[in-house]
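Content type PDB, C-alpha atoms, pLDDT in the B column, from the file upload-v7.pdb:
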ATOM      1  CA  MET A   1      12.278  -7.032  12.194  1.00 35.00           C
ATOM      2  CA  ASN A   2      11.364 -10.401  10.762  1.00 36.00           C
ATOM      3  CA  PRO A   3      12.845 -10.816   7.239  1.00 40.00           C
ATOM      4  CA  LYS A   4       9.564 -12.434   6.189  1.00 42.00           C
ATOM      5  CA  ASP A   5       7.830  -9.160   6.963  1.00 42.00           C
ATOM      6  CA  MET A   6      10.664  -7.003   5.569  1.00 51.00           C
ATOM      7  CA  SER A   7       8.740  -3.899   6.526  1.00 60.00           C
ATOM      8  CA  ALA A   8       7.690  -1.911   9.532  1.00 82.00           C
ATOM      9  CA  LEU A   9       4.270  -1.362   7.973  1.00 91.00           C
ATOM     10  CA  PRO A  10       1.395  -3.381   9.438  1.00 94.00           C
ATOM     11  CA  ASP A  11       0.080  -6.308   7.426  1.00 95.00           C
ATOM     12  CA  VAL A  12      -3.481  -6.444   6.217  1.00 97.00           C
ATOM     13  CA  THR A  13      -5.154  -9.734   5.251  1.00 97.00           C
ATOM     14  CA  GLN A  14      -8.352 -10.878   3.623  1.00 96.00           C
ATOM     15  CA  SER A  15     -10.076 -10.901   7.021  1.00 97.00           C
ATOM     16  CA  THR A  16      -8.815  -7.462   8.158  1.00 97.00           C
ATOM     17  CA  PHE A  17      -8.986  -5.672   4.774  1.00 98.00           C
ATOM     18  CA  PRO A  18     -12.672  -4.618   5.034  1.00 97.00           C
ATOM     19  CA  THR A  19     -12.121  -2.981   8.429  1.00 97.00           C
ATOM     20  CA  GLN A  20      -8.567  -1.637   8.120  1.00 96.00           C
ATOM     21  CA  VAL A  21      -8.775  -0.416   4.519  1.00 98.00           C
ATOM     22  CA  LEU A  22     -12.350  -0.105   3.281  1.00 97.00           C
ATOM     23  CA  GLY A  23     -13.725   1.054   6.637  1.00 97.00           C
ATOM     24  CA  SER A  24     -10.942   3.516   7.446  1.00 96.00           C
ATOM     25  CA  ASP A  25     -11.931   7.115   8.101  1.00 94.00           C
ATOM     26  CA  LYS A  26      -8.719   8.328   6.451  1.00 94.00           C
ATOM     27  CA  PRO A  27      -7.075   7.396   3.143  1.00 96.00           C
ATOM     28  CA  VAL A  28      -5.127   4.117   3.160  1.00 97.00           C
ATOM     29  CA  LEU A  29      -2.173   3.274   0.928  1.00 98.00           C
ATOM     30  CA  VAL A  30      -1.922  -0.478   0.431  1.00 98.00           C
ATOM     31  CA  ASP A  31       1.439  -1.893  -0.663  1.00 98.00           C
ATOM     32  CA  PHE A  32       0.698  -5.127  -2.585  1.00 98.00           C
ATOM     33  CA  TRP A  33       3.873  -7.253  -2.424  1.00 97.00           C
ATOM     34  CA  ALA A  34       5.249 -10.803  -2.266  1.00 97.00           C
ATOM     35  CA  PRO A  35       8.317 -12.232  -0.496  1.00 96.00           C
ATOM     36  CA  TRP A  36       9.951 -13.364  -3.768  1.00 97.00           C
ATOM     37  CA  CYS A  37       9.580  -9.946  -5.459  1.00 97.00           C
ATOM     38  CA  GLY A  38      12.905  -8.049  -5.721  1.00 96.00           C
ATOM     39  CA  PRO A  39      11.382  -4.673  -6.675  1.00 97.00           C
ATOM     40  CA  CYS A  40       8.960  -5.049  -3.722  1.00 96.00           C
ATOM     41  CA  LYS A  41      11.942  -5.316  -1.372  1.00 95.00           C
ATOM     42  CA  MET A  42      13.436  -2.185  -2.946  1.00 96.00           C
ATOM     43  CA  LEU A  43      10.163  -0.238  -2.689  1.00 97.00           C
ATOM     44  CA  SER A  44       9.388  -1.168   0.910  1.00 94.00           C
ATOM     45  CA  PRO A  45      11.861   1.267   2.568  1.00 95.00           C
ATOM     46  CA  VAL A  46      10.703   4.029   0.207  1.00 96.00           C
ATOM     47  CA  VAL A  47       7.084   3.505   1.281  1.00 96.00           C
ATOM     48  CA  GLU A  48       8.168   3.425   4.941  1.00 95.00           C
ATOM     49  CA  LYS A  49       9.942   6.760   4.462  1.00 96.00           C
ATOM     50  CA  VAL A  50       6.779   8.296   2.983  1.00 96.00           C
ATOM     51  CA  ALA A  51       4.751   6.758   5.827  1.00 95.00           C
ATOM     52  CA  ALA A  52       7.039   8.445   8.349  1.00 94.00           C
ATOM     53  CA  LYS A  53       6.256  11.798   6.723  1.00 93.00           C
ATOM     54  CA  LEU A  54       2.533  11.396   6.017  1.00 91.00           C
ATOM     55  CA  GLY A  55       1.470   8.781   8.566  1.00 81.00           C
ATOM     56  CA  GLY A  56      -0.728  11.272  10.388  1.00 89.00           C
ATOM     57  CA  GLN A  57      -2.877  11.914   7.324  1.00 93.00           C
ATOM     58  CA  ILE A  58      -2.791   8.534   5.609  1.00 95.00           C
ATOM     59  CA  SER A  59      -2.689   4.968   6.896  1.00 96.00           C
ATOM     60  CA  PHE A  60      -0.043   2.697   5.356  1.00 97.00           C
ATOM     61  CA  VAL A  61      -0.411  -1.088   5.250  1.00 97.00           C
ATOM     62  CA  LYS A  62       0.938  -3.942   3.168  1.00 97.00           C
ATOM     63  CA  LEU A  63      -0.759  -6.968   1.700  1.00 98.00           C
ATOM     64  CA  ASN A  64       1.081 -10.175   0.778  1.00 97.00           C
ATOM     65  CA  THR A  65      -0.417 -11.168  -2.596  1.00 97.00           C
ATOM     66  CA  ASP A  66       0.716 -14.788  -2.187  1.00 97.00           C
ATOM     67  CA  GLU A  67      -1.300 -15.121   1.027  1.00 97.00           C
ATOM     68  CA  ASN A  68      -4.268 -12.989  -0.096  1.00 97.00           C
ATOM     69  CA  PRO A  69      -4.693 -13.626  -3.834  1.00 97.00           C
ATOM     70  CA  SER A  70      -8.429 -12.913  -3.899  1.00 97.00           C
ATOM     71  CA  ILE A  71      -7.984  -9.289  -2.776  1.00 97.00           C
ATOM     72  CA  ALA A  72      -5.199  -8.749  -5.301  1.00 97.00           C
ATOM     73  CA  GLY A  73      -7.484 -10.205  -7.979  1.00 96.00           C
ATOM     74  CA  GLN A  74     -10.453  -8.139  -6.849  1.00 97.00           C
ATOM     75  CA  TYR A  75      -8.489  -4.941  -7.449  1.00 97.00           C
ATOM     76  CA  GLY A  76      -6.842  -6.087 -10.684  1.00 96.00           C
ATOM     77  CA  VAL A  77      -3.317  -6.294  -9.297  1.00 97.00           C
ATOM     78  CA  SER A  78      -1.445  -8.097 -12.062  1.00 93.00           C
ATOM     79  CA  GLY A  79       2.034  -6.734 -11.384  1.00 95.00           C
ATOM     80  CA  ILE A  80       3.808  -6.056  -8.111  1.00 97.00           C
ATOM     81  CA  PRO A  81       4.865  -4.000  -6.367  1.00 97.00           C
ATOM     82  CA  CYS A  82       1.573  -2.170  -6.655  1.00 98.00           C
ATOM     83  CA  LEU A  83       0.529   0.710  -4.429  1.00 98.00           C
ATOM     84  CA  ILE A  84      -3.204   1.405  -4.346  1.00 98.00           C
ATOM     85  CA  LEU A  85      -4.684   4.362  -2.527  1.00 98.00           C
ATOM     86  CA  PHE A  86      -8.107   3.769  -0.992  1.00 98.00           C
ATOM     87  CA  LYS A  87     -10.332   6.647   0.024  1.00 96.00           C
ATOM     88  CA  GLY A  88     -13.812   6.174   1.446  1.00 95.00           C
ATOM     89  CA  GLY A  89     -13.655   2.452   0.659  1.00 95.00           C
ATOM     90  CA  LEU A  90     -12.802   2.991  -3.019  1.00 97.00           C
ATOM     91  CA  ALA A  91      -9.558   2.459  -4.921  1.00 97.00           C
ATOM     92  CA  VAL A  92      -8.838   5.978  -6.215  1.00 97.00           C
ATOM     93  CA  ASP A  93      -5.277   5.748  -7.552  1.00 97.00           C
ATOM     94  CA  ARG A  94      -2.422   3.313  -8.108  1.00 97.00           C
ATOM     95  CA  ILE A  95       1.250   3.049  -8.942  1.00 97.00           C
ATOM     96  CA  VAL A  96       2.697  -0.168 -10.375  1.00 97.00           C
ATOM     97  CA  GLY A  97       6.379  -1.019 -10.202  1.00 97.00           C
ATOM     98  CA  PHE A  98       9.304   0.565  -8.406  1.00 96.00           C
ATOM     99  CA  VAL A  99       9.099   4.363  -8.327  1.00 96.00           C
ATOM    100  CA  PRO A 100      11.058   7.079  -6.521  1.00 96.00           C
ATOM    101  CA  GLU A 101       9.747   8.596  -3.316  1.00 97.00           C
ATOM    102  CA  ARG A 102       8.671  11.825  -5.045  1.00 97.00           C
ATOM    103  CA  ASP A 103       6.235   9.920  -7.303  1.00 97.00           C
ATOM    104  CA  ILE A 104       4.494   8.356  -4.294  1.00 97.00           C
ATOM    105  CA  VAL A 105       4.378  11.677  -2.416  1.00 96.00           C
ATOM    106  CA  SER A 106       3.044  13.428  -5.522  1.00 96.00           C
ATOM    107  CA  MET A 107       0.202  10.911  -5.913  1.00 96.00           C
ATOM    108  CA  LEU A 108      -0.719  11.135  -2.229  1.00 96.00           C
ATOM    109  CA  ASP A 109      -0.532  14.948  -2.154  1.00 94.00           C
ATOM    110  CA  LYS A 110      -2.912  15.124  -5.105  1.00 94.00           C
ATOM    111  CA  HIS A 111      -5.532  13.220  -3.096  1.00 92.00           C
ATOM    112  CA  LEU A 112      -4.834  14.934   0.224  1.00 88.00           C
ATOM    113  CA  LEU A 113      -5.307  18.340  -1.395  1.00 80.00           C
ATOM    114  CA  ALA A 114      -8.568  17.152  -2.950  1.00 66.00           C
ATOM    115  CA  ALA A 115      -9.874  16.040   0.451  1.00 53.00           C
TER     116      ALA A 115
END

Using structure tokens, write down the structure from this file.
Amino acid sequence: MNPKDMSALPDVTQSTFPTQVLGSDKPVLVDFWAPWCGPCKMLSPVVEKVAAKLGGQISFVKLNTDENPSIAGQYGVSGIPCLILFKGGLAVDRIVGFVPERDIVSMLDKHLLAA
């Protein structure tokens, strides 16, 4: 694994965001992060663990806010790490900052059960 990537999750960029996130037929959790962000590095393995459990129901991707500032701005991401759940092309929920695995699972379950 490349340390620059620091995650097994696929990257999404400004050019792939409309297709991979907004056009997805299943919910997508986007991990907004930056290479210099310590809490982002701590959250990444937690998100990967959740992805391993729920990857069949939800897509998991990450977006580098330094390389894609316009998308971060478009969705009002002012603090990172920021996890935003997209469903049907809309941002339906978010978590800002480092949180334990159960908080992420709880947010996702709430939306999976509502599906």

For this session: Counting only C-alpha atoms, figure out which residue out of A:Ile104, A:Ala8, A:Ile95, A:Leu22 gets nearest to Ser44 (chain A).
Result: A:Ala8

Problem set entry | Of the listed residues A:Ala51, A:Leu9, A:Val61, A:Cys37, that which approaches Ser24 (chain A) most closely, counting all atoms listed in the file | A:Val61

Problem set entry | Which residue of A:Arg94, A:Val21, A:Leu29, A:Arg102 approaches Gln57 (chain A) most closely, using only C-alpha atoms |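 Ranking A:Arg94, A:Val21, A:Leu29, A:Arg102 by distance to Gln57 (chain A), first place goes to A:Leu29.
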
For this session: Measure the distance from CA of Asp109 (chain A) to CA of Gly56 (chain A) in Å and round it to one decimal.
Result: 13.1 Å

For this session: Starting from the shown file, work through the PyMOL selection byres ((chain A and resi 99) around 12) and note down what comes out as a ChimeraX atom specification.
Result: /A:39-40,42-47,80-83,94-98,100-107

Write the residues you've just listed into a file as a JSON list (two decimals), in the coordinates of the input, and include C-alpha atoms for each of them.
[["chain", "number", "residue", "atom", "x", "y", "z"],
["A", 39, "PRO", "CA", 11.38, -4.67, -6.68],
["A", 40, "CYS", "CA", 8.96, -5.05, -3.72],
["A", 42, "MET", "CA", 13.44, -2.18, -2.95],
["A", 43, "LEU", "CA", 10.16, -0.24, -2.69],
["A", 44, "SER", "CA", 9.39, -1.17, 0.91],
["A", 45, "PRO", "CA", 11.86, 1.27, 2.57],
["A", 46, "VAL", "CA", 10.70, 4.03, 0.21],
["A", 47, "VAL", "CA", 7.08, 3.50, 1.28],
["A", 80, "ILE", "CA", 3.81, -6.06, -8.11],
["A", 81, "PRO", "CA", 4.86, -4.00, -6.37],
["A", 82, "CYS", "CA", 1.57, -2.17, -6.66],
["A", 83, "LEU", "CA", 0.53, 0.71, -4.43],
["A", 94, "ARG", "CA", -2.42, 3.31, -8.11],
["A", 95, "ILE", "CA", 1.25, 3.05, -8.94],
["A", 96, "VAL", "CA", 2.70, -0.17, -10.38],
["A", 97, "GLY", "CA", 6.38, -1.02, -10.20],
["A", 98, "PHE", "CA", 9.30, 0.56, -8.41],
["A", 100, "PRO", "CA", 11.06, 7.08, -6.52],
["A", 101, "GLU", "CA", 9.75, 8.60, -3.32],
["A", 102, "ARG", "CA", 8.67, 11.82, -5.04],
["A", 103, "ASP", "CA", 6.24, 9.92, -7.30],
["A", 104, "ILE", "CA", 4.49, 8.36, -4.29],
["A", 105, "VAL", "CA", 4.38, 11.68, -2.42],
["A", 106, "SER", "CA", 3.04, 13.43, -5.52],
["A", 107, "MET", "CA", 0.20, 10.91, -5.91]]

For this session: Measuring atom to atom with all atoms listed in the file, identify which of A:Pro10, A:Gly38, A:Phe32, A:Leu112 is nearest to Ser78 (chain A).
Result: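 Of A:Pro10, A:Gly38, A:Phe32, A:Leu112, the one nearest Ser78 (chain A), counting all atoms listed in the file, is A:Phe32.
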
Problem set entry | CA of Asp25 (chain A) to CA of Lys87 (chain A), straight-line distance in Å | 8.2 Å

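Nearest to Lys41 (chain A) of all the residues A:Lys26, A:His111, A:Lys62, A:Lys53 is A:Lys62, based on all atoms listed in the file.
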
Exercise. Please, what distance in Å, to one decimal, runs between CA of Asp66 (chain A) and CA of Pro18 (chain A)?
Worked result: 18.3 Å

Exercise. Where does the PyMOL selection byres ((chain A and resi 13) around 8) land in this file, that is, which residues does it pick, as a PyMOL selection string?
Worked result: chain A and resi 11-12+14-17+63-64+67-68

Problem set entry | Using only C-alpha atoms: which of A:Ala72, A:Leu108, A:Val92, A:Leu85 has the shortest distance to Trp33 (chain A) |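 Counting only C-alpha atoms, the residue closest to Trp33 (chain A) is A:Ala72.
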
Could you write region 12-48 of chain A as a tab-separated table (two decimals), in the coordinates of the input, with N, CA and C atoms rebuilt where they are missing?
chain	number	residue	atom	x	y	z
A	12	VAL	N	-2.03	-6.33	6.31
A	12	VAL	CA	-3.48	-6.44	6.22
A	12	VAL	C	-3.75	-7.76	5.48
A	13	THR	N	-4.83	-8.44	5.85
A	13	THR	CA	-5.15	-9.73	5.25
A	13	THR	C	-6.59	-9.70	4.74
A	14	GLN	N	-6.99	-10.80	4.14
A	14	GLN	CA	-8.35	-10.88	3.62
A	14	GLN	C	-9.38	-10.60	4.73
A	15	SER	N	-9.10	-11.08	5.94
A	15	SER	CA	-10.08	-10.90	7.02
A	15	SER	C	-10.05	-9.49	7.61
A	16	THR	N	-8.88	-8.80	7.56
A	16	THR	CA	-8.82	-7.46	8.16
A	16	THR	C	-8.98	-6.34	7.13
A	17	PHE	N	-8.91	-6.67	5.84
A	17	PHE	CA	-8.99	-5.67	4.77
A	17	PHE	C	-10.26	-4.82	4.84
A	18	PRO	N	-11.45	-5.44	5.00
A	18	PRO	CA	-12.67	-4.62	5.03
A	18	PRO	C	-12.66	-3.57	6.14
A	19	THR	N	-12.14	-3.92	7.31
A	19	THR	CA	-12.12	-2.98	8.43
A	19	THR	C	-10.99	-1.98	8.31
A	20	GLN	N	-9.75	-2.49	8.11
A	20	GLN	CA	-8.57	-1.64	8.12
A	20	GLN	C	-8.45	-0.73	6.89
A	21	VAL	N	-8.95	-1.19	5.75
A	21	VAL	CA	-8.78	-0.42	4.52
A	21	VAL	C	-10.10	0.22	4.09
A	22	LEU	N	-11.08	-0.62	3.81
A	22	LEU	CA	-12.35	-0.10	3.28
A	22	LEU	C	-13.12	0.71	4.31
A	23	GLY	N	-12.99	0.36	5.59
A	23	GLY	CA	-13.72	1.05	6.64
A	23	GLY	C	-12.96	2.19	7.30
A	24	SER	N	-11.76	2.48	6.81
A	24	SER	CA	-10.94	3.52	7.45
A	24	SER	C	-11.53	4.91	7.22
A	25	ASP	N	-11.43	5.75	8.24
A	25	ASP	CA	-11.93	7.12	8.10
A	25	ASP	C	-10.90	8.05	7.46
A	26	LYS	N	-9.69	7.53	7.19
A	26	LYS	CA	-8.72	8.33	6.45
A	26	LYS	C	-8.20	7.50	5.29
A	27	PRO	N	-7.59	8.15	4.29
A	27	PRO	CA	-7.08	7.40	3.14
A	27	PRO	C	-6.07	6.33	3.59
A	28	VAL	N	-6.03	5.23	2.85
A	28	VAL	CA	-5.13	4.12	3.16
A	28	VAL	C	-4.34	3.76	1.90
A	29	LEU	N	-3.01	3.73	2.03
A	29	LEU	CA	-2.17	3.27	0.93
A	29	LEU	C	-1.81	1.82	1.20
A	30	VAL	N	-2.21	0.94	0.28
A	30	VAL	CA	-1.92	-0.48	0.43
A	30	VAL	C	-0.77	-0.85	-0.50
A	31	ASP	N	0.28	-1.42	0.08
A	31	ASP	CA	1.44	-1.89	-0.66
A	31	ASP	C	1.23	-3.38	-0.94
A	32	PHE	N	0.86	-3.72	-2.18
A	32	PHE	CA	0.70	-5.13	-2.58
A	32	PHE	C	2.09	-5.65	-2.93
A	33	TRP	N	2.51	-6.74	-2.27
A	33	TRP	CA	3.87	-7.25	-2.42
A	33	TRP	C	3.88	-8.77	-2.26
A	34	ALA	N	5.03	-9.37	-2.52
A	34	ALA	CA	5.25	-10.80	-2.27
A	34	ALA	C	6.70	-11.00	-1.85
A	35	PRO	N	6.96	-12.02	-1.02
A	35	PRO	CA	8.32	-12.23	-0.50
A	35	PRO	C	9.38	-12.49	-1.57
A	36	TRP	N	8.99	-13.03	-2.72
A	36	TRP	CA	9.95	-13.36	-3.77
A	36	TRP	C	10.23	-12.19	-4.71
A	37	CYS	N	9.54	-11.07	-4.52
A	37	CYS	CA	9.58	-9.95	-5.46
A	37	CYS	C	10.71	-8.97	-5.11
A	38	GLY	N	11.76	-8.94	-5.94
A	38	GLY	CA	12.90	-8.05	-5.72
A	38	GLY	C	12.52	-6.57	-5.68
A	39	PRO	N	11.78	-6.08	-6.70
A	39	PRO	CA	11.38	-4.67	-6.68
A	39	PRO	C	10.53	-4.32	-5.45
A	40	CYS	N	9.76	-5.29	-4.93
A	40	CYS	CA	8.96	-5.05	-3.72
A	40	CYS	C	9.89	-4.75	-2.54
A	41	LYS	N	10.99	-5.51	-2.46
A	41	LYS	CA	11.94	-5.32	-1.37
A	41	LYS	C	12.63	-3.96	-1.49
A	42	MET	N	12.82	-3.49	-2.73
A	42	MET	CA	13.44	-2.18	-2.95
A	42	MET	C	12.45	-1.07	-2.62
A	43	LEU	N	11.17	-1.28	-2.90
A	43	LEU	CA	10.16	-0.24	-2.69
A	43	LEU	C	9.77	-0.09	-1.22
A	44	SER	N	9.84	-1.17	-0.48
A	44	SER	CA	9.39	-1.17	0.91
A	44	SER	C	9.98	-0.03	1.76
A	45	PRO	N	11.32	0.17	1.76
A	45	PRO	CA	11.86	1.27	2.57
A	45	PRO	C	11.43	2.65	2.06
A	46	VAL	N	11.17	2.76	0.77
A	46	VAL	CA	10.70	4.03	0.21
A	46	VAL	C	9.31	4.34	0.75
A	47	VAL	N	8.45	3.33	0.76
A	47	VAL	CA	7.08	3.50	1.28
A	47	VAL	C	7.14	3.82	2.78
A	48	GLU	N	8.03	3.16	3.50
A	48	GLU	CA	8.17	3.42	4.94
A	48	GLU	C	8.61	4.86	5.19
